[in-house]
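Colleague: Could you have a look at this structure, given as structure tokens, before my questions?
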Amino acid sequence: MASGIHGRRLFISPALDLVIVHYASQVISPSVPQVPLVQAFLKIGTHLCG
């Protein structure tokens with residue numbers, strides 16, 4: 001997984017043959033807890049590939 005500016009994310013799972021690109025355009029304050037996106041992306045991939 002790679003994280004970019006303003007909440008953009010790239011998730012690649014070779015095991016699931018899956019690539020997720022998450023576009024965002026909001027500034028996230030460092031004081032706001034991070035959302036566990038890796039688990040969410042894995043659940044999406046498992047659902048789509050299962």
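Chain lettering (A, B, ...) mirrors the order of the structure tokens, residue numbering begins at 1 for each chain separately, and ligand numbering begins at 1 in order of display.
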Applying 10 Å and only C-alpha atoms, which residues near range 14-24 of chain A remain after dropping the ones on its own chain fewer than 2 positions away? List them as a list in words.
Modeller: Met1, Ala2, Ser3, Gly4, Ile5, His6, Gly7, Arg8, Arg9, Leu10, Phe11, Ile12, Gln26, Val27, Leu37, Phe41, Leu42, Ile44, Gly45, Thr46, Leu48, Cys49 and Gly50 of chain A
Colleague: Go ahead and dump the residues you just picked, N, CA, C and O atoms, as an mmCIF file, in the first residue's frame.
Modeller:
data_model
loop_
_atom_site.group_PDB
_atom_site.id
_atom_site.type_symbol
_atom_site.label_atom_id
_atom_site.label_comp_id
_atom_site.auth_asym_id
_atom_site.auth_seq_id
_atom_site.Cartn_x
_atom_site.Cartn_y
_atom_site.Cartn_z
ATOM 1 N N MET A 1 0.839 -1.174 0.000
ATOM 2 C CA MET A 1 0.000 0.000 0.000
ATOM 3 C C MET A 1 0.884 1.237 0.000
ATOM 4 O O MET A 1 1.926 1.271 0.645
ATOM 5 N N ALA A 2 0.447 2.247 -0.728
ATOM 6 C CA ALA A 2 1.128 3.534 -0.759
ATOM 7 C C ALA A 2 0.118 4.619 -0.433
ATOM 8 O O ALA A 2 -1.047 4.529 -0.807
ATOM 9 N N SER A 3 0.559 5.620 0.299
ATOM 10 C CA SER A 3 -0.292 6.749 0.657
ATOM 11 C C SER A 3 0.267 8.017 0.038
ATOM 12 O O SER A 3 1.479 8.230 0.043
ATOM 13 N N GLY A 4 -0.628 8.842 -0.468
ATOM 14 C CA GLY A 4 -0.208 10.086 -1.087
ATOM 15 C C GLY A 4 -0.831 11.288 -0.412
ATOM 16 O O GLY A 4 -1.412 11.192 0.668
ATOM 17 N N ILE A 5 -0.750 12.406 -1.064
ATOM 18 C CA ILE A 5 -1.254 13.652 -0.513
ATOM 19 C C ILE A 5 -2.784 13.670 -0.501
ATOM 20 O O ILE A 5 -3.423 13.087 -1.379
ATOM 21 N N HIS A 6 -3.344 14.292 0.511
ATOM 22 C CA HIS A 6 -4.797 14.496 0.648
ATOM 23 C C HIS A 6 -5.599 13.201 0.684
ATOM 24 O O HIS A 6 -6.720 13.138 0.187
ATOM 25 N N GLY A 7 -5.040 12.143 1.250
ATOM 26 C CA GLY A 7 -5.788 10.910 1.441
ATOM 27 C C GLY A 7 -5.793 9.949 0.274
ATOM 28 O O GLY A 7 -6.526 8.966 0.277
ATOM 29 N N ARG A 8 -4.989 10.202 -0.734
ATOM 30 C CA ARG A 8 -4.945 9.273 -1.870
ATOM 31 C C ARG A 8 -4.204 8.003 -1.455
ATOM 32 O O ARG A 8 -3.206 8.050 -0.752
ATOM 33 N N ARG A 9 -4.690 6.839 -1.923
ATOM 34 C CA ARG A 9 -4.084 5.565 -1.566
ATOM 35 C C ARG A 9 -3.997 4.659 -2.793
ATOM 36 O O ARG A 9 -4.825 4.734 -3.695
ATOM 37 N N LEU A 10 -3.011 3.795 -2.785
ATOM 38 C CA LEU A 10 -2.858 2.754 -3.791
ATOM 39 C C LEU A 10 -2.633 1.455 -3.043
ATOM 40 O O LEU A 10 -1.737 1.362 -2.202
ATOM 41 N N PHE A 11 -3.464 0.463 -3.312
ATOM 42 C CA PHE A 11 -3.367 -0.834 -2.651
ATOM 43 C C PHE A 11 -3.229 -1.899 -3.726
ATOM 44 O O PHE A 11 -4.026 -1.956 -4.662
ATOM 45 N N ILE A 12 -2.216 -2.759 -3.591
ATOM 46 C CA ILE A 12 -1.986 -3.840 -4.547
ATOM 47 C C ILE A 12 -1.884 -5.146 -3.780
ATOM 48 O O ILE A 12 -1.116 -5.257 -2.825
ATOM 49 N N GLN A 26 -9.221 15.604 0.350
ATOM 50 C CA GLN A 26 -9.414 16.317 1.601
ATOM 51 C C GLN A 26 -8.123 16.308 2.411
ATOM 52 O O GLN A 26 -7.365 15.342 2.391
ATOM 53 N N VAL A 27 -7.902 17.385 3.085
ATOM 54 C CA VAL A 27 -6.744 17.479 3.957
ATOM 55 C C VAL A 27 -7.118 16.826 5.281
ATOM 56 O O VAL A 27 -8.142 17.166 5.873
ATOM 57 N N LEU A 37 -7.556 1.231 6.372
ATOM 58 C CA LEU A 37 -7.941 0.961 4.993
ATOM 59 C C LEU A 37 -7.426 -0.371 4.468
ATOM 60 O O LEU A 37 -8.066 -0.972 3.610
ATOM 61 N N PHE A 41 -9.737 -2.737 2.322
ATOM 62 C CA PHE A 41 -9.403 -3.119 0.950
ATOM 63 C C PHE A 41 -9.338 -4.642 0.807
ATOM 64 O O PHE A 41 -9.797 -5.200 -0.196
ATOM 65 N N LEU A 42 -8.792 -5.333 1.809
ATOM 66 C CA LEU A 42 -8.743 -6.801 1.764
ATOM 67 C C LEU A 42 -10.144 -7.402 1.784
ATOM 68 O O LEU A 42 -10.421 -8.374 1.080
ATOM 69 N N ILE A 44 -12.878 -5.957 0.663
ATOM 70 C CA ILE A 44 -13.441 -5.699 -0.671
ATOM 71 C C ILE A 44 -12.919 -6.732 -1.673
ATOM 72 O O ILE A 44 -13.688 -7.319 -2.432
ATOM 73 N N GLY A 45 -11.614 -6.943 -1.679
ATOM 74 C CA GLY A 45 -11.015 -7.906 -2.605
ATOM 75 C C GLY A 45 -11.509 -9.319 -2.387
ATOM 76 O O GLY A 45 -11.817 -10.029 -3.345
ATOM 77 N N THR A 46 -11.626 -9.729 -1.125
ATOM 78 C CA THR A 46 -12.137 -11.065 -0.815
ATOM 79 C C THR A 46 -13.577 -11.216 -1.283
ATOM 80 O O THR A 46 -13.956 -12.249 -1.823
ATOM 81 N N LEU A 48 -15.075 -9.492 -3.742
ATOM 82 C CA LEU A 48 -15.133 -9.494 -5.207
ATOM 83 C C LEU A 48 -14.586 -10.769 -5.826
ATOM 84 O O LEU A 48 -15.056 -11.222 -6.863
ATOM 85 N N CYS A 49 -13.545 -11.330 -5.196
ATOM 86 C CA CYS A 49 -12.876 -12.500 -5.770
ATOM 87 C C CYS A 49 -13.402 -13.811 -5.204
ATOM 88 O O CYS A 49 -13.006 -14.872 -5.660
ATOM 89 N N GLY A 50 -14.242 -13.722 -4.197
ATOM 90 C CA GLY A 50 -14.708 -14.938 -3.517
ATOM 91 C C GLY A 50 -15.948 -15.417 -4.082
ATOM 92 O O GLY A 50 -16.615 -16.155 -4.427
#
Colleague: Could you pull out the strand (DSSP E or B) residues of chain A, going by DSSP on the backbone, and write them as a list in words?
Modeller: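 Of chain A, only Ala2, Ser3, Arg9, Leu10, Phe11, Ile12, Ser13, Leu18, Val19, Ile20, Val21 and His22 of chain A fall in strand (DSSP E or B).
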Colleague: From chain A, collect each residue whose DSSP state is alpha helix (DSSP H) and return the set as an NGL selection string.
Modeller: :A and (37-49)
Colleague: Could you save the residues just selected, with N, CA, C and O atoms, as a PDB file, in the first residue's frame?
Modeller:
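Okay, selection22.pdb is ready:
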ATOM      1  N   LEU A  37      -7.556   1.231   6.372  1.00  0.00           N
ATOM      2  CA  LEU A  37      -7.941   0.961   4.993  1.00  0.00           C
ATOM      3  C   LEU A  37      -7.426  -0.371   4.468  1.00  0.00           C
ATOM      4  O   LEU A  37      -8.066  -0.972   3.610  1.00  0.00           O
ATOM      5  N   VAL A  38      -6.283  -0.849   4.934  1.00  0.00           N
ATOM      6  CA  VAL A  38      -5.769  -2.124   4.435  1.00  0.00           C
ATOM      7  C   VAL A  38      -6.787  -3.228   4.693  1.00  0.00           C
ATOM      8  O   VAL A  38      -7.112  -4.014   3.798  1.00  0.00           O
ATOM      9  N   GLN A  39      -7.338  -3.288   5.901  1.00  0.00           N
ATOM     10  CA  GLN A  39      -8.344  -4.306   6.212  1.00  0.00           C
ATOM     11  C   GLN A  39      -9.589  -4.131   5.347  1.00  0.00           C
ATOM     12  O   GLN A  39     -10.171  -5.105   4.868  1.00  0.00           O
ATOM     13  N   ALA A  40      -9.997  -2.888   5.131  1.00  0.00           N
ATOM     14  CA  ALA A  40     -11.169  -2.628   4.289  1.00  0.00           C
ATOM     15  C   ALA A  40     -10.914  -3.054   2.850  1.00  0.00           C
ATOM     16  O   ALA A  40     -11.769  -3.685   2.219  1.00  0.00           O
ATOM     17  N   PHE A  41      -9.737  -2.737   2.322  1.00  0.00           N
ATOM     18  CA  PHE A  41      -9.403  -3.119   0.950  1.00  0.00           C
ATOM     19  C   PHE A  41      -9.338  -4.642   0.807  1.00  0.00           C
ATOM     20  O   PHE A  41      -9.797  -5.200  -0.196  1.00  0.00           O
ATOM     21  N   LEU A  42      -8.792  -5.333   1.809  1.00  0.00           N
ATOM     22  CA  LEU A  42      -8.743  -6.801   1.764  1.00  0.00           C
ATOM     23  C   LEU A  42     -10.144  -7.402   1.784  1.00  0.00           C
ATOM     24  O   LEU A  42     -10.421  -8.374   1.080  1.00  0.00           O
ATOM     25  N   LYS A  43     -11.037  -6.830   2.576  1.00  0.00           N
ATOM     26  CA  LYS A  43     -12.424  -7.316   2.615  1.00  0.00           C
ATOM     27  C   LYS A  43     -13.105  -7.105   1.270  1.00  0.00           C
ATOM     28  O   LYS A  43     -13.842  -7.970   0.797  1.00  0.00           O
ATOM     29  N   ILE A  44     -12.878  -5.957   0.663  1.00  0.00           N
ATOM     30  CA  ILE A  44     -13.441  -5.699  -0.671  1.00  0.00           C
ATOM     31  C   ILE A  44     -12.919  -6.732  -1.673  1.00  0.00           C
ATOM     32  O   ILE A  44     -13.688  -7.319  -2.432  1.00  0.00           O
ATOM     33  N   GLY A  45     -11.614  -6.943  -1.679  1.00  0.00           N
ATOM     34  CA  GLY A  45     -11.015  -7.906  -2.605  1.00  0.00           C
ATOM     35  C   GLY A  45     -11.509  -9.319  -2.387  1.00  0.00           C
ATOM     36  O   GLY A  45     -11.817 -10.029  -3.345  1.00  0.00           O
ATOM     37  N   THR A  46     -11.626  -9.729  -1.125  1.00  0.00           N
ATOM     38  CA  THR A  46     -12.137 -11.065  -0.815  1.00  0.00           C
ATOM     39  C   THR A  46     -13.577 -11.216  -1.283  1.00  0.00           C
ATOM     40  O   THR A  46     -13.956 -12.249  -1.823  1.00  0.00           O
ATOM     41  N   HIS A  47     -14.368 -10.173  -1.090  1.00  0.00           N
ATOM     42  CA  HIS A  47     -15.769 -10.210  -1.527  1.00  0.00           C
ATOM     43  C   HIS A  47     -15.872 -10.299  -3.048  1.00  0.00           C
ATOM     44  O   HIS A  47     -16.653 -11.091  -3.581  1.00  0.00           O
ATOM     45  N   LEU A  48     -15.075  -9.492  -3.742  1.00  0.00           N
ATOM     46  CA  LEU A  48     -15.133  -9.494  -5.207  1.00  0.00           C
ATOM     47  C   LEU A  48     -14.586 -10.769  -5.826  1.00  0.00           C
ATOM     48  O   LEU A  48     -15.056 -11.222  -6.863  1.00  0.00           O
ATOM     49  N   CYS A  49     -13.545 -11.330  -5.196  1.00  0.00           N
ATOM     50  CA  CYS A  49     -12.876 -12.500  -5.770  1.00  0.00           C
ATOM     51  C   CYS A  49     -13.402 -13.811  -5.204  1.00  0.00           C
ATOM     52  O   CYS A  49     -13.006 -14.872  -5.660  1.00  0.00           O
TER      53      CYS A  49
END
